Structures are given as structure tokens and as C-alpha cells.
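What follows is the content of query27.txt, which has compact mmCIF, C-alpha atoms and all ligand atoms:
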```txt
# COMPACT_ATOMS: atom_id res chain seq x y z
CA MET A 1 -5.26 18.98 40.45
CA LYS A 2 -8.03 21.12 41.87
CA SER A 3 -11.67 20.60 41.33
CA GLY A 4 -14.24 23.31 41.72
CA PHE A 5 -16.62 20.87 43.29
CA LEU A 6 -14.05 19.68 45.81
CA ASP A 7 -13.07 23.20 46.76
CA LYS A 8 -16.67 24.07 47.47
CA LEU A 9 -17.12 20.87 49.41
CA ILE A 10 -14.10 21.65 51.57
CA GLU A 11 -15.35 25.17 52.16
CA ARG A 12 -18.66 23.83 53.39
CA LEU A 13 -17.24 20.86 55.24
CA GLY A 14 -18.01 22.35 58.65
CA ARG A 15 -21.58 23.10 57.75
CA ILE A 16 -22.88 19.96 56.05
CA GLY A 17 -25.23 17.70 57.87
CA PRO A 18 -25.23 13.91 57.83
CA GLU A 19 -28.05 13.81 55.25
CA ASP A 20 -25.87 15.73 52.73
CA VAL A 21 -22.96 13.35 53.05
CA GLN A 22 -24.60 10.65 50.94
CA ASN A 23 -25.26 13.09 48.08
CA TYR A 24 -21.75 14.44 48.15
CA LEU A 25 -20.26 10.95 48.18
CA LEU A 26 -22.41 10.01 45.20
CA GLN A 27 -21.27 13.07 43.32
CA LEU A 28 -17.64 12.33 44.21
CA ALA A 29 -17.98 8.77 42.92
CA GLN A 30 -19.43 10.08 39.68
CA GLU A 31 -16.56 12.52 39.21
CA LYS A 32 -14.07 9.76 39.88
CA GLY A 33 -15.82 7.58 37.30
CA LEU A 34 -15.70 10.37 34.74
CA ILE A 35 -12.01 11.01 35.30
CA GLU A 36 -11.23 7.32 34.98
CA THR A 37 -13.18 7.10 31.73
CA VAL A 38 -11.28 10.08 30.37
CA PHE A 39 -7.91 8.67 31.48
CA ASN A 40 -8.65 5.34 29.85
CA ALA A 41 -9.68 7.00 26.61
CA ILE A 42 -6.42 8.87 26.07
CA GLN A 43 -3.51 7.37 24.19
CA GLU A 44 -0.82 8.33 26.68
CA GLY A 45 -0.06 5.98 29.52
CA ILE A 46 -0.76 7.42 32.97
CA ILE A 47 0.56 6.05 36.23
CA VAL A 48 0.25 7.56 39.69
CA THR A 49 2.42 6.38 42.57
CA ASP A 50 2.45 7.16 46.26
CA ALA A 51 5.47 8.54 48.12
CA ASN A 52 6.94 5.02 48.38
CA GLY A 53 6.78 4.43 44.66
CA ARG A 54 3.75 2.13 44.94
CA ILE A 55 1.24 2.25 42.13
CA THR A 56 -2.04 3.86 43.14
CA TYR A 57 -3.46 4.35 39.66
CA VAL A 58 -2.65 3.03 36.20
CA ASN A 59 -4.68 3.60 33.04
CA GLU A 60 -5.26 1.13 30.21
CA ALA A 61 -2.65 2.63 27.87
CA ALA A 62 0.06 2.35 30.53
CA CYS A 63 -0.93 -1.27 31.19
CA GLU A 64 -0.55 -2.01 27.51
CA LEU A 65 2.81 -0.25 27.11
CA PHE A 66 4.36 -1.93 30.13
CA GLY A 67 2.49 -5.23 29.91
CA LEU A 68 0.84 -4.69 33.31
CA GLU A 69 -2.51 -5.69 34.71
CA ALA A 70 -4.25 -2.93 36.60
CA ASP A 71 -5.82 -5.23 39.23
CA THR A 72 -2.61 -6.92 40.27
CA SER A 73 -0.43 -3.81 40.00
CA ILE A 74 -2.19 -1.45 42.39
CA GLY A 75 -0.27 -1.30 45.66
CA LYS A 76 2.89 -2.82 44.12
CA ARG A 77 6.13 -0.89 43.65
CA LEU A 78 6.44 0.40 40.08
CA ASP A 79 10.12 -0.56 39.82
CA GLU A 80 9.24 -4.13 40.80
CA ARG A 81 6.56 -4.34 38.12
CA VAL A 82 8.70 -2.68 35.47
CA ARG A 83 12.11 -4.23 35.80
CA GLY A 84 15.09 -2.13 34.79
CA LEU A 85 13.36 1.14 35.58
CA ASP A 86 15.82 3.47 37.25
CA TRP A 87 13.26 4.61 39.78
CA LYS A 88 15.74 6.17 42.21
CA SER A 89 17.10 8.70 39.76
CA LEU A 90 13.71 9.28 38.14
CA SER A 91 11.93 10.06 41.39
CA GLN A 92 14.66 12.06 43.13
CA SER A 93 14.27 15.27 41.19
CA GLN A 94 12.26 18.10 42.72
CA GLY A 95 10.79 19.01 39.37
CA ALA A 96 9.50 17.21 36.30
CA VAL A 97 11.82 14.84 34.47
CA SER A 98 11.49 13.71 30.87
CA ARG A 99 13.48 10.70 29.70
CA ASP A 100 13.34 8.55 26.63
CA MET A 101 13.59 4.85 27.20
CA GLU A 102 13.55 1.67 25.21
CA ILE A 103 11.42 -1.18 26.47
CA PHE A 104 11.73 -4.78 25.39
CA TYR A 105 8.64 -6.26 26.98
CA PRO A 106 5.86 -6.85 25.95
CA ALA A 107 7.10 -5.31 22.69
CA ASN A 108 10.24 -3.48 21.64
CA ARG A 109 9.21 0.17 21.75
CA PHE A 110 10.61 3.57 22.55
CA LEU A 111 8.80 5.57 25.21
CA ASN A 112 9.04 9.06 26.52
CA PHE A 113 8.75 8.84 30.29
CA TYR A 114 7.57 12.09 31.85
CA ILE A 115 7.45 12.15 35.62
CA VAL A 116 6.27 14.93 37.94
CA PRO A 117 6.36 14.90 41.74
CA LEU A 118 2.91 15.44 43.26
CA LEU A 119 2.78 17.93 46.08
CA ILE A 120 -0.27 18.34 48.23
CA GLU A 121 -0.89 21.14 50.64
CA ARG A 122 -1.77 19.47 53.90
CA ARG A 123 -4.49 21.02 56.04
CA GLU A 124 -4.83 20.03 59.63
CA SER A 125 -8.43 21.20 59.87
CA VAL A 126 -11.10 23.07 57.95
CA ALA A 127 -10.21 26.20 59.87
CA GLU A 128 -6.80 26.37 58.16
CA ILE A 129 -8.20 26.75 54.67
CA ASP A 130 -7.32 30.40 54.38
CA ASP A 131 -4.04 30.09 56.21
CA PRO A 132 -1.30 30.72 53.64
CA GLY A 133 1.47 29.42 55.88
CA HIS A 134 0.93 25.67 55.33
CA THR A 135 3.59 23.58 53.54
CA ALA A 136 3.45 21.33 50.52
CA GLU A 137 4.17 17.68 51.12
CA PRO A 138 5.31 15.19 48.48
CA VAL A 139 2.74 12.45 48.17
CA GLY A 140 4.00 10.61 45.12
CA HIS A 141 4.49 10.97 41.41
CA ALA A 142 2.41 11.25 38.27
CA ILE A 143 3.90 9.62 35.18
CA ILE A 144 2.91 10.16 31.57
CA LEU A 145 4.14 7.67 28.98
CA ARG A 146 4.18 8.52 25.32
CA ASP A 147 4.95 5.99 22.61
CA ILE A 148 7.62 7.60 20.41
CA THR A 149 8.58 4.49 18.45
CA GLU A 150 7.33 5.81 15.13
CA SER A 151 8.86 9.26 15.35
CA ARG A 152 12.15 7.72 16.43
CA ARG A 153 12.13 5.33 13.52
CA SER A 154 11.53 8.13 11.06
CA THR A 155 14.38 10.15 12.61
CA GLU A 156 16.61 7.14 12.17
CA LYS A 157 15.48 6.89 8.59
CA THR A 158 16.39 10.54 7.97
CA ILE A 159 19.82 10.13 9.52
CA GLU A 160 20.34 6.98 7.50
CA SER A 161 19.36 8.64 4.25
CA GLU A 162 21.42 11.75 4.94
CA ARG A 163 24.51 9.70 5.62
CA PHE A 164 23.76 7.75 2.48
CA ASN A 165 23.39 10.91 0.42
CA ALA A 166 26.70 12.41 1.45
CA LEU A 167 28.50 9.18 0.73
CA THR A 168 26.85 8.49 -2.55
CA LEU A 169 27.17 11.94 -4.04
CA LEU A 170 30.90 11.61 -3.92
CA ALA A 171 30.92 8.02 -5.05
CA ALA A 172 28.45 8.56 -7.88
CA GLY A 173 30.91 10.82 -9.63
CA VAL A 174 33.67 8.27 -9.27
CA ALA A 175 31.46 5.42 -10.47
CA HIS A 176 30.41 7.40 -13.49
CA GLU A 177 34.03 8.14 -14.37
CA ILE A 178 34.88 4.44 -14.10
CA GLY A 179 32.24 3.55 -16.69
CA ASN A 180 34.08 5.16 -19.65
CA PRO A 181 37.51 3.57 -19.20
CA LEU A 182 35.76 0.24 -18.62
CA ASN A 183 34.12 0.55 -22.00
CA SER A 184 37.39 1.41 -23.64
CA LEU A 185 39.13 -1.55 -21.92
CA HIS A 186 36.41 -3.81 -23.21
CA ILE A 187 36.90 -2.64 -26.78
CA HIS A 188 40.68 -2.97 -26.61
CA LEU A 189 40.40 -6.48 -25.24
CA GLN A 190 38.22 -7.36 -28.22
CA LEU A 191 40.90 -6.02 -30.55
CA MET A 192 43.58 -8.02 -28.75
CA GLU A 193 41.47 -11.13 -28.97
CA ARG A 194 41.22 -10.79 -32.72
CA LYS A 195 44.99 -10.42 -33.10
CA VAL A 196 45.71 -13.30 -30.74
CA ARG A 197 43.56 -15.61 -32.83
CA LYS A 198 46.16 -15.33 -35.59
CA LEU A 199 48.96 -16.57 -33.32
CA ASP A 200 49.94 -20.20 -32.79
CA GLY A 201 50.92 -22.54 -29.99
CA LYS A 202 51.39 -22.00 -26.28
CA VAL A 203 51.60 -18.21 -26.43
CA LYS A 204 48.17 -18.05 -28.04
CA GLU A 205 46.65 -20.23 -25.34
CA GLU A 206 48.23 -18.22 -22.53
CA LEU A 207 47.19 -14.91 -24.00
CA GLN A 208 43.65 -16.14 -24.60
CA GLU A 209 43.38 -17.21 -20.99
CA ALA A 210 44.68 -13.86 -19.79
CA ILE A 211 42.18 -12.06 -21.97
CA ALA A 212 39.31 -14.23 -20.70
CA ILE A 213 40.22 -13.43 -17.10
CA SER A 214 40.48 -9.71 -17.85
CA ARG A 215 37.08 -9.82 -19.54
CA ALA A 216 35.45 -11.54 -16.57
CA GLU A 217 36.93 -8.94 -14.24
CA ILE A 218 35.69 -6.10 -16.42
CA THR A 219 32.21 -7.61 -16.46
CA ARG A 220 32.32 -7.83 -12.69
CA LEU A 221 33.45 -4.23 -12.31
CA ASP A 222 30.85 -3.15 -14.79
CA SER A 223 28.07 -4.87 -12.87
CA ILE A 224 29.24 -3.30 -9.61
CA VAL A 225 29.21 0.14 -11.18
CA THR A 226 25.79 -0.45 -12.76
CA GLN A 227 24.34 -1.71 -9.49
CA PHE A 228 25.83 1.19 -7.68
CA LEU A 229 24.41 3.76 -10.03
CA GLN A 230 21.03 2.04 -9.80
CA ALA A 231 21.16 2.22 -6.05
CA ILE A 232 21.90 5.90 -5.88
CA ARG A 233 20.01 7.26 -8.85
CA PRO A 234 16.64 5.77 -8.20
CA SER A 235 14.19 6.29 -11.00
CA LYS A 236 10.49 6.59 -10.27
CA PRO A 237 8.75 3.31 -11.03
CA VAL A 238 6.59 3.24 -14.14
CA LEU A 239 3.58 1.24 -13.05
CA HIS A 240 1.56 -1.23 -15.11
CA PRO A 241 -0.74 -4.02 -13.98
CA GLU A 242 1.45 -7.10 -13.86
CA ASN A 243 1.37 -10.69 -12.75
CA VAL A 244 4.02 -11.21 -10.09
CA ASN A 245 4.40 -14.90 -10.97
CA SER A 246 5.57 -14.12 -14.46
CA ILE A 247 8.10 -11.61 -13.11
CA VAL A 248 9.46 -14.31 -10.78
CA GLU A 249 9.77 -16.69 -13.71
CA GLU A 250 11.53 -14.09 -15.81
CA ALA A 251 14.00 -13.29 -13.04
CA LEU A 252 14.70 -17.00 -12.63
CA ARG A 253 15.53 -17.34 -16.31
CA PHE A 254 18.77 -15.41 -15.78
CA PHE A 255 19.95 -18.18 -13.50
CA ALA A 256 19.39 -21.10 -15.87
CA PRO A 257 23.13 -21.73 -16.36
CA GLU A 258 23.78 -21.69 -12.61
CA ILE A 259 20.85 -23.99 -11.91
CA ALA A 260 22.20 -26.43 -14.50
CA ASP A 261 25.82 -26.14 -13.28
CA ARG A 262 25.30 -26.55 -9.59
CA ASP A 263 23.31 -28.88 -7.45
CA ILE A 264 20.62 -26.29 -6.80
CA VAL A 265 16.95 -27.06 -6.97
CA VAL A 266 14.48 -24.22 -7.39
CA GLU A 267 10.96 -24.97 -6.23
CA PRO A 268 8.50 -22.34 -7.40
CA GLU A 269 5.17 -22.49 -5.57
CA LEU A 270 3.31 -19.82 -7.48
CA ARG A 271 -0.29 -19.23 -6.57
CA PRO A 272 -2.18 -19.18 -9.87
CA ASP A 273 -5.02 -16.80 -8.94
CA LEU A 274 -2.98 -13.78 -7.85
CA PRO A 275 -4.49 -10.40 -8.69
CA LEU A 276 -2.57 -8.16 -11.08
CA ILE A 277 -0.64 -5.50 -9.24
CA GLU A 278 0.68 -2.11 -10.27
CA VAL A 279 4.43 -2.54 -10.58
CA ASP A 280 7.39 -1.43 -12.61
CA ARG A 281 8.21 -4.74 -14.23
CA ASP A 282 11.92 -4.08 -14.81
CA GLN A 283 12.51 -2.77 -11.31
CA MET A 284 10.68 -5.64 -9.66
CA LYS A 285 12.59 -8.11 -11.82
CA GLN A 286 15.79 -6.45 -10.61
CA ALA A 287 14.64 -6.81 -7.00
CA PHE A 288 13.81 -10.50 -7.40
CA TYR A 289 17.06 -11.03 -9.28
CA ASN A 290 19.10 -9.52 -6.43
CA VAL A 291 17.33 -11.69 -3.85
CA ILE A 292 17.73 -14.89 -5.87
CA LYS A 293 21.38 -14.07 -6.53
CA ASN A 294 22.02 -13.75 -2.80
CA SER A 295 20.38 -17.12 -2.19
CA PHE A 296 22.49 -18.77 -4.88
CA GLU A 297 25.62 -17.19 -3.47
CA ALA A 298 24.69 -18.33 0.03
CA MET A 299 24.04 -21.90 -1.11
CA LYS A 300 27.25 -22.08 -3.15
CA ARG A 301 27.11 -25.48 -4.84
CA ARG A 302 24.02 -27.19 -3.51
CA GLY A 303 20.72 -26.35 -1.90
CA ILE A 304 17.04 -25.68 -2.35
CA LEU A 305 15.43 -22.34 -3.12
CA ARG A 306 11.69 -22.24 -2.59
CA ILE A 307 9.85 -19.28 -4.11
CA HIS A 308 6.37 -18.97 -2.80
CA THR A 309 3.77 -16.45 -3.96
CA ASP A 310 0.57 -15.86 -2.06
CA MET A 311 -1.90 -13.16 -1.14
CA ASP A 312 -3.91 -11.88 1.80
CA ALA A 313 -6.64 -9.25 2.01
CA THR A 314 -4.37 -6.38 0.98
CA HIS A 315 -1.01 -7.67 -0.22
CA VAL A 316 0.64 -10.05 -2.61
CA ASN A 317 3.48 -11.80 -0.80
CA VAL A 318 6.55 -13.24 -2.46
CA SER A 319 8.88 -15.23 -0.24
CA PHE A 320 12.26 -16.70 -1.07
CA THR A 321 13.46 -19.44 1.26
CA ASP A 322 16.93 -20.88 0.79
CA THR A 323 19.07 -23.45 2.57
CA GLY A 324 22.21 -21.36 2.43
CA GLY A 325 23.03 -21.04 6.12
CA GLY A 326 21.32 -17.72 6.84
CA MET A 327 23.06 -14.80 8.55
CA SER A 328 24.21 -14.02 12.04
CA ALA A 329 22.19 -11.57 14.13
CA GLU A 330 25.02 -9.07 13.71
CA SER A 331 24.93 -9.30 9.91
CA LEU A 332 21.15 -9.11 9.94
CA SER A 333 21.24 -5.84 11.84
CA ARG A 334 23.66 -4.34 9.31
CA VAL A 335 22.25 -5.75 6.13
CA PHE A 336 20.78 -2.45 4.87
CA GLU A 337 23.89 -0.43 5.56
CA PRO A 338 25.27 0.73 2.23
CA TYR A 339 28.25 -1.41 1.22
CA PHE A 340 27.74 -3.98 3.96
CA THR A 341 28.86 -7.30 2.54
CA THR A 342 30.37 -10.52 3.81
CA LYS A 343 31.57 -11.50 0.34
CA SER A 344 35.05 -10.86 -1.01
CA SER A 345 33.63 -9.52 -4.27
CA GLY A 346 30.27 -8.23 -2.99
CA SER A 347 29.03 -4.70 -3.51
CA GLY A 348 26.85 -4.59 -0.42
CA LEU A 349 24.20 -2.77 -2.41
CA GLY A 350 21.93 -5.61 -3.53
CA LEU A 351 19.47 -5.61 -0.66
CA LEU A 352 19.53 -1.84 -0.41
CA ILE A 353 18.29 -1.70 -4.00
CA VAL A 354 15.66 -4.33 -3.23
CA ARG A 355 14.40 -2.35 -0.28
CA ARG A 356 14.29 0.88 -2.23
CA ILE A 357 12.32 -0.71 -5.05
CA VAL A 358 9.91 -2.39 -2.66
CA ARG A 359 9.37 0.83 -0.71
CA GLU A 360 8.77 2.80 -3.90
CA HIS A 361 5.98 0.35 -4.65
CA GLY A 362 4.42 0.98 -1.26
CA GLY A 363 5.52 -2.45 -0.05
CA GLU A 364 7.60 -3.85 2.77
CA MET A 365 10.21 -6.52 3.10
CA ALA A 366 11.14 -8.81 5.94
CA ILE A 367 14.11 -11.06 6.49
CA GLU A 368 13.98 -14.06 8.75
CA SER A 369 17.31 -15.73 9.26
CA ASN A 370 17.83 -19.14 10.75
CA GLU A 371 21.55 -19.10 11.36
CA GLY A 372 23.26 -22.24 10.12
CA LYS A 373 20.18 -23.32 8.21
CA GLY A 374 18.87 -20.74 5.80
CA LEU A 375 17.02 -17.56 5.21
CA THR A 376 13.58 -16.39 4.17
CA LEU A 377 13.14 -13.02 2.57
CA THR A 378 9.56 -11.87 2.07
CA ILE A 379 8.40 -9.01 -0.11
CA ARG A 380 4.92 -7.65 0.51
CA LEU A 381 3.32 -5.60 -2.24
CA PRO A 382 -0.05 -3.90 -1.83
CA TYR A 383 -2.57 -4.81 -4.49
CA LEU A 384 -5.41 -2.61 -3.36
CA ASP A 385 -5.23 0.84 -4.77
CA LYS A 386 -4.94 3.45 -2.00
CA ARG A 387 -8.00 5.35 -3.17
CA VAL A 388 -10.07 2.20 -3.05
CA ARG A 389 -8.95 1.51 0.46
CA MET A 390 -10.03 4.95 1.62
CA LEU A 391 -13.53 4.42 0.33
CA GLU A 392 -13.92 1.05 1.94
CA ALA A 393 -16.56 1.10 4.64
CA GLY A 394 -15.48 0.13 8.11
CA SER A 395 -11.79 0.05 7.28
CA SER A 396 -10.20 1.58 10.34
CA LYS A 397 -6.59 0.94 9.46
CA PRO A 398 -5.23 3.84 7.48
CA ASP A 399 -1.82 3.59 5.89
N1 LIG B 401 20.06 -15.45 1.25
C1 LIG B 401 21.05 -15.06 2.06
N2 LIG B 401 21.65 -15.95 2.91
C2 LIG B 401 22.65 -15.56 3.72
N3 LIG B 401 23.16 -14.31 3.76
C3 LIG B 401 22.62 -13.38 2.95
C4 LIG B 401 21.53 -13.69 2.07
N4 LIG B 401 21.20 -12.56 1.41
C5 LIG B 401 22.02 -11.59 1.85
N5 LIG B 401 22.89 -12.08 2.77
C6 LIG B 401 23.93 -11.31 3.49
O1 LIG B 401 23.69 -9.94 3.31
C7 LIG B 401 24.82 -9.28 2.78
C8 LIG B 401 24.39 -8.13 1.91
O2 LIG B 401 23.72 -8.57 0.75
P1 LIG B 401 23.64 -7.62 -0.50
O3 LIG B 401 23.11 -6.30 -0.08
O4 LIG B 401 22.93 -8.30 -1.61
O5 LIG B 401 25.15 -7.38 -0.89
P2 LIG B 401 26.20 -8.44 -1.51
O6 LIG B 401 25.42 -9.59 -2.06
O7 LIG B 401 26.91 -7.68 -2.55
O8 LIG B 401 27.10 -8.83 -0.37
C9 LIG B 401 25.57 -10.37 2.06
O9 LIG B 401 26.95 -10.08 1.96
C10 LIG B 401 25.32 -11.58 2.94
O10 LIG B 401 26.18 -11.60 4.04
MG MG B 402 23.75 -9.41 -3.25
```
Would you kindly transcribe this structure into C-alpha cells?
Ligand SMILES: Nc1ncnc2c1ncn2[C@@H]1O[C@H](COP(=O)(O)OP(=O)(O)O)[C@@H](O)[C@H]1O
Ligand SMILES: [Mg+2]
Amino acid sequence: MKSGFLDKLIERLGRIGPEDVQNYLLQLAQEKGLIETVFNAIQEGIIVTDANGRITYVNEAACELFGLEADTSIGKRLDERVRGLDWKSLSQSQGAVSRDMEIFYPANRFLNFYIVPLLIERRESVAEIDDPGHTAEPVGHAIILRDITESRRSTEKTIESERFNALTLLAAGVAHEIGNPLNSLHIHLQLMERKVRKLDGKVKEELQEAIAISRAEITRLDSIVTQFLQAIRPSKPVLHPENVNSIVEEALRFFAPEIADRDIVVEPELRPDLPLIEVDRDQMKQAFYNVIKNSFEAMKRRGILRIHTDMDATHVNVSFTDTGGGMSAESLSRVFEPYFTTKSSGSGLGLLIVRRIVREHGGEMAIESNEGKGLTLTIRLPYLDKRVRMLEAGSSKPD
């Protein structure tokens, strides 16, 4: 980096008297201050090292990204401060190197690490200024760090949705075709049932049992197909102001027989003063239903499901906490993959549908699993209209 002021200073170096030195030093200090202010104001992390890889400068953004403290880092080797950094290969190149890296401390983020060797033309004395023969000497490296976490996540999302599209297009056709024969099977079973009623004795009993089993299987197939079609043919939500508590209660009503049959206690803790939020009632009911169903399936015969509704400044939160043993870290990482299931008769689409519905409502969901104990799934739904948020004075967090 060349500075006009510095160049002039060097040119005049032989001619300045001792009284000028103070002024020049003052001006130099001011320029340094300005550059530091600028470097601290920019979003990118900046680190400068000397030829031995020791940190000579680090700006605030870099400190934040790497969890460093400027005061205690100056003079220390960068690869000692940032463990796991492959400094050797990064610093060997003669030219600039750009590498993406994932960091785990202080937060899990993806960074683009751009490193350039710094070369300075050494001058033995002022007299050599115009001598073109001098050589450049490596004096260290400048590093620019850019946080690419968000863009990476959205790329992942695109890949995920493209893979999903290709898969589902094919499967949607198949699922649709399955619907018609299922209907016809259902009708024929009804006819058989009527005829069987006229029979007597053991044969009647056996046939009735066989028909009941077939019916249950058809219902199961039908629900898989319905769920599947819901997952892949998302309809735009039709929004009305609704009370989330009443949707929770409605979703719970479907489970009355299971609650009575098994040793499962449902503890609703519904905050009475929740604001109404714009939701598609049927879709949200479906989302809650899927979540509750998973909890019931995880708890099998006994357990406690706590459903807690609450609010903060911007969102209504609905959390479902069960005592069903939770999931392993491996399952948790795959839970939104289409068709991922650990159940022999699962579709692996339930949570995918939940996430789609929640996202379409501008919300988010989080899963916290305590393996061996249970799981908490939280759905966050915004209750402040976007336009209102934009008008709010002093709100600096856009979304
Ligand atoms: N409350 C829960 N407790 C433990 N595991 C769960 C829970 N909810 C979901 N899971 C895990 O996530 C997987 C995917 O769930 P889901 O998408 O609803 O599909 P499915 O229920 O058909 O398997 C389940 O198979 C199960 O392993
Ligand atoms: Mg499920």
C-alpha cells in the first residue's frame, strides 16, 4: 500500500530538519489512526502477519470471527491463536490464496479466508529511491476474512430443494396413481363385509378379522399417500387472525382415543393472553398434529407431553416437550431429509411438512433432543406484521 504523503516524505527525507520531524510524526500518527478507524468499521476481518506468521495487526471483525483479543494476540503466531489453521500451506504460495473454511469456535461459521503475501521493496538509503534495480522482499501476509455462512446455507437450501424436486416429481405421479386403486379396494372391502355378515360360525369370524386388517392397512396407505401429496404439493396458506391456543386444542382432540388408551398425560400450558396471529388454521393444525403424533409414537405406551405456548416481543412460541427418549445426534442431523424415518411404518415426511408450513408462515422451528430422555420441538411464529416492523422507530434488525 502506497500513500501519497509517505512518498513525499521519503522524497524529502534528506532535506527535512529536526523541527519538521515532530510535525511529520504527528501527521503519520493521524493517518495511522484514520486507517485503523476505517479497518475497524468494515465488516470483513483483517489480519496482518509478519514474515514469521506473527500477528502484527488484527481488526475488530477478525477478533470477533476467530474469538481473539487484539491486545493479547499481537506478536503471537496466528496458527497458535487459531488452532487447526493450516498455516504452512496457506502461507507458502507466492500469490494470493482463497480458501473456504469452517470454524467451530467461538461459533460455527463458514469463512472465506483470503491471504496475500506482502512484498516490500527494500531501500538501503534515500539515494536509492529512483534505482529500479532493488528487489522485493516478503515481509508477511495480509488476510481478509469474509463470513459466508448465510450464502452457504442458502446454497445448501437450493441443493436440498432441487434434490427434493427431482425425487418428488417422479413420486407424485406414483402416489396419485395409488390413490384410485386404494379407493376401489376400500369400496370392495365394504361390499365383502356386507356379504360376510350373512355367514355363520368360524368362517365369518376369520373373514371379518381379515377384512379389518385389510381396512387398517388401506387406511395406513391412504394416510401415507395423503401426507406425501401434502408434502410435495404445498398450497399457499390462507391467512386469518387466529388464536394459537385453540389450534393446539383442536389438534389434540384427534388424539383423545390414544390419550385414553395409553398411559400418556398431556399437560397444556397455554398462555391466555396471546395475540391473534395470521395463520392458515388447517395447515397449522396439520403441523401441530404431526408434531404431537411423533411425540406419541416416541413415548409408545407411557409418558408426558407438555405443550407450552408463550410470546416474546415479536413471536408466538409453541413448544412440545415429550419424554419419549429423544433422538441421536445422527438422526437429528437427518431429520429433514425427505423419507428419513426410524419407524417401520413411518413416511419420513411429517417433520418436513411441519417445517414447510412453519416457513410459509414466516416462522422457524427448532429441535432440542436430549437423547435417552426426550425431545422439545419449538415453533416460532411472527405476530408482528412485516409492514409494521418496518415502520417501527429504532428497530435495527431487519428480517
Ligand atoms: N418427538 C420425537 N422423539 C423422538 N424422535 C422423533 C420425534 N419426532 C421425530 N422423531 C424422529 O424423526 C424421524 C422423522 O419424523 P417424521 O418426519 O415425522 O417422520 P416419521 O414420523 O414418519 O418417521 C422419526 O422417524 C423419528 O426418528
Ligand atoms: Mg411423524
Margin query: Neighbours of ligand LIG 401 (chain B) at 7 Å or closer, counting only C-alpha atoms and all ligand atoms: which residues, as a list of chain:residue names?
Written below: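 Here is the list of contacting residues: A:Asn290, A:Val291, A:Asn294, A:Ser295, A:Ala298, A:Asp322, A:Gly324, A:Gly325, A:Gly326, A:Met327, A:Ser331, A:Val335, A:Phe336, A:Phe340, A:Thr341, A:Thr342, A:Lys343, A:Gly346, A:Ser347, A:Gly348, A:Leu349, A:Gly350, A:Leu351, A:Leu352, A:Gly374, A:Leu375.
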Next item on the list: Dump as a VMD selection string all residues having an atom at most 12 Å from (-17.6, 22.0, 48.4), computed in the file's coordinates with all atoms listed in the file.
Entry: chain A and resid 2 to 16 20 to 21 23 to 25 27 to 28 126
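A straight line drawn from CA of Thr56 (chain A) to CA of Asp79 (chain A) is 13.4 Å long.
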Can you pull out every residue within 12 Å of Gly363 (chain A), counting only C-alpha atoms, but drop anything in the same chain fewer than 2 positions away, and send it as a tab-separated table (two decimals) with C-alpha atoms, in the coordinates of the input?
```tsv
chain	number	residue	atom	x	y	z
A	277	ILE	CA	-0.64	-5.50	-9.24
A	278	GLU	CA	0.68	-2.11	-10.27
A	279	VAL	CA	4.43	-2.54	-10.58
A	284	MET	CA	10.68	-5.64	-9.66
A	314	THR	CA	-4.37	-6.38	0.98
A	315	HIS	CA	-1.01	-7.67	-0.22
A	316	VAL	CA	0.64	-10.05	-2.61
A	317	ASN	CA	3.48	-11.80	-0.80
A	318	VAL	CA	6.55	-13.24	-2.46
A	354	VAL	CA	15.66	-4.33	-3.23
A	355	ARG	CA	14.40	-2.35	-0.28
A	356	ARG	CA	14.29	0.88	-2.23
A	357	ILE	CA	12.32	-0.71	-5.05
A	358	VAL	CA	9.91	-2.39	-2.66
A	359	ARG	CA	9.37	0.83	-0.71
A	360	GLU	CA	8.77	2.80	-3.90
A	361	HIS	CA	5.98	0.35	-4.65
A	365	MET	CA	10.21	-6.52	3.10
A	366	ALA	CA	11.14	-8.81	5.94
A	378	THR	CA	9.56	-11.87	2.07
A	379	ILE	CA	8.40	-9.01	-0.11
A	380	ARG	CA	4.92	-7.65	0.51
A	381	LEU	CA	3.32	-5.60	-2.24
A	382	PRO	CA	-0.05	-3.90	-1.83
A	383	TYR	CA	-2.57	-4.81	-4.49
A	384	LEU	CA	-5.41	-2.61	-3.36
A	399	ASP	CA	-1.82	3.59	5.89
```
Margin query: Here is a test: counting only C-alpha atoms and all ligand atoms, which residue of A:Ser369, A:Thr309, A:Ser223, A:Thr135 is nearest to ligand MG 402 (chain B)?
Written below: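 Closest candidate: A:Ser223.
Checking A:Leu182, A:Ala216, A:Val82, A:Ile292 one by one against ligand MG 402 (chain B), counting all atoms listed in the file, you find the shortest gap at A:Ile292.
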Next item on the list: Identify, on the basis of all atoms listed in the file, every residue whose closest approach to region 136-142 of chain A does not exceed 10 Å; exclude the query and any residue fewer than 3 positions from it along the same chain; express the result as a list in words.
Entry: Ile46, Ile47, Val48, Thr49, Asp50, Ala51, Asn52, Gly53, Arg54, Ile55, Thr56, Tyr57, Val58, Leu90, Ser91, Gln94, Ala96, Tyr114, Ile115, Val116, Pro117, Leu118, Leu119, Ile120, Glu121, Arg122, Arg123 and Gly133 of chain A
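Proximity to ligand MG 402 (chain B) was assessed for A:Ile224, A:Val266, A:Ser328, A:Lys236 counting all atoms listed in the file; the smallest distance is recorded for A:Ile224.
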Next item on the list: Go ahead and compute the interatomic distance for CA of Thr323 (chain A) and CA of Leu305 (chain A), in Å to one decimal.
Entry: 6.8 Å
Next item on the list: May I ask which of the residues A:Arg99, A:Arg215, A:Lys293, A:Arg220 is the closest one to ligand MG 402 (chain B), counting all atoms listed in the file?
Entry: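 Of all the options, A:Lys293 lies closest to ligand MG 402 (chain B).
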Item checked: Atom-to-atom span, CA of Gln286 (chain A) and CA of Pro338 (chain A), Å -> 17.5 Å
Check: Which residue gives the smallest distance to ligand MG 402 (chain B) among A:Ile74, A:Ile353, A:Ile144, A:Val248, with all atoms listed in the file counted?
Finding: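 Ranked by minimum distance to ligand MG 402 (chain B), first place goes to A:Ile353.
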Check: Which one of A:Lys300, A:Arg81, A:His240, A:Arg197 sits closest to Asp263 (chain A) if you count all atoms listed in the file?
Finding: A:Lys300
Next item on the list: Give me the residues within 12 Å of Glu250 (chain A) as a VMD selection string, counting only C-alpha atoms and dropping any in the same chain fewer than 2 places off.
Entry: chain A and resid 243 to 248 252 to 256 281 to 282 284 to 289 292
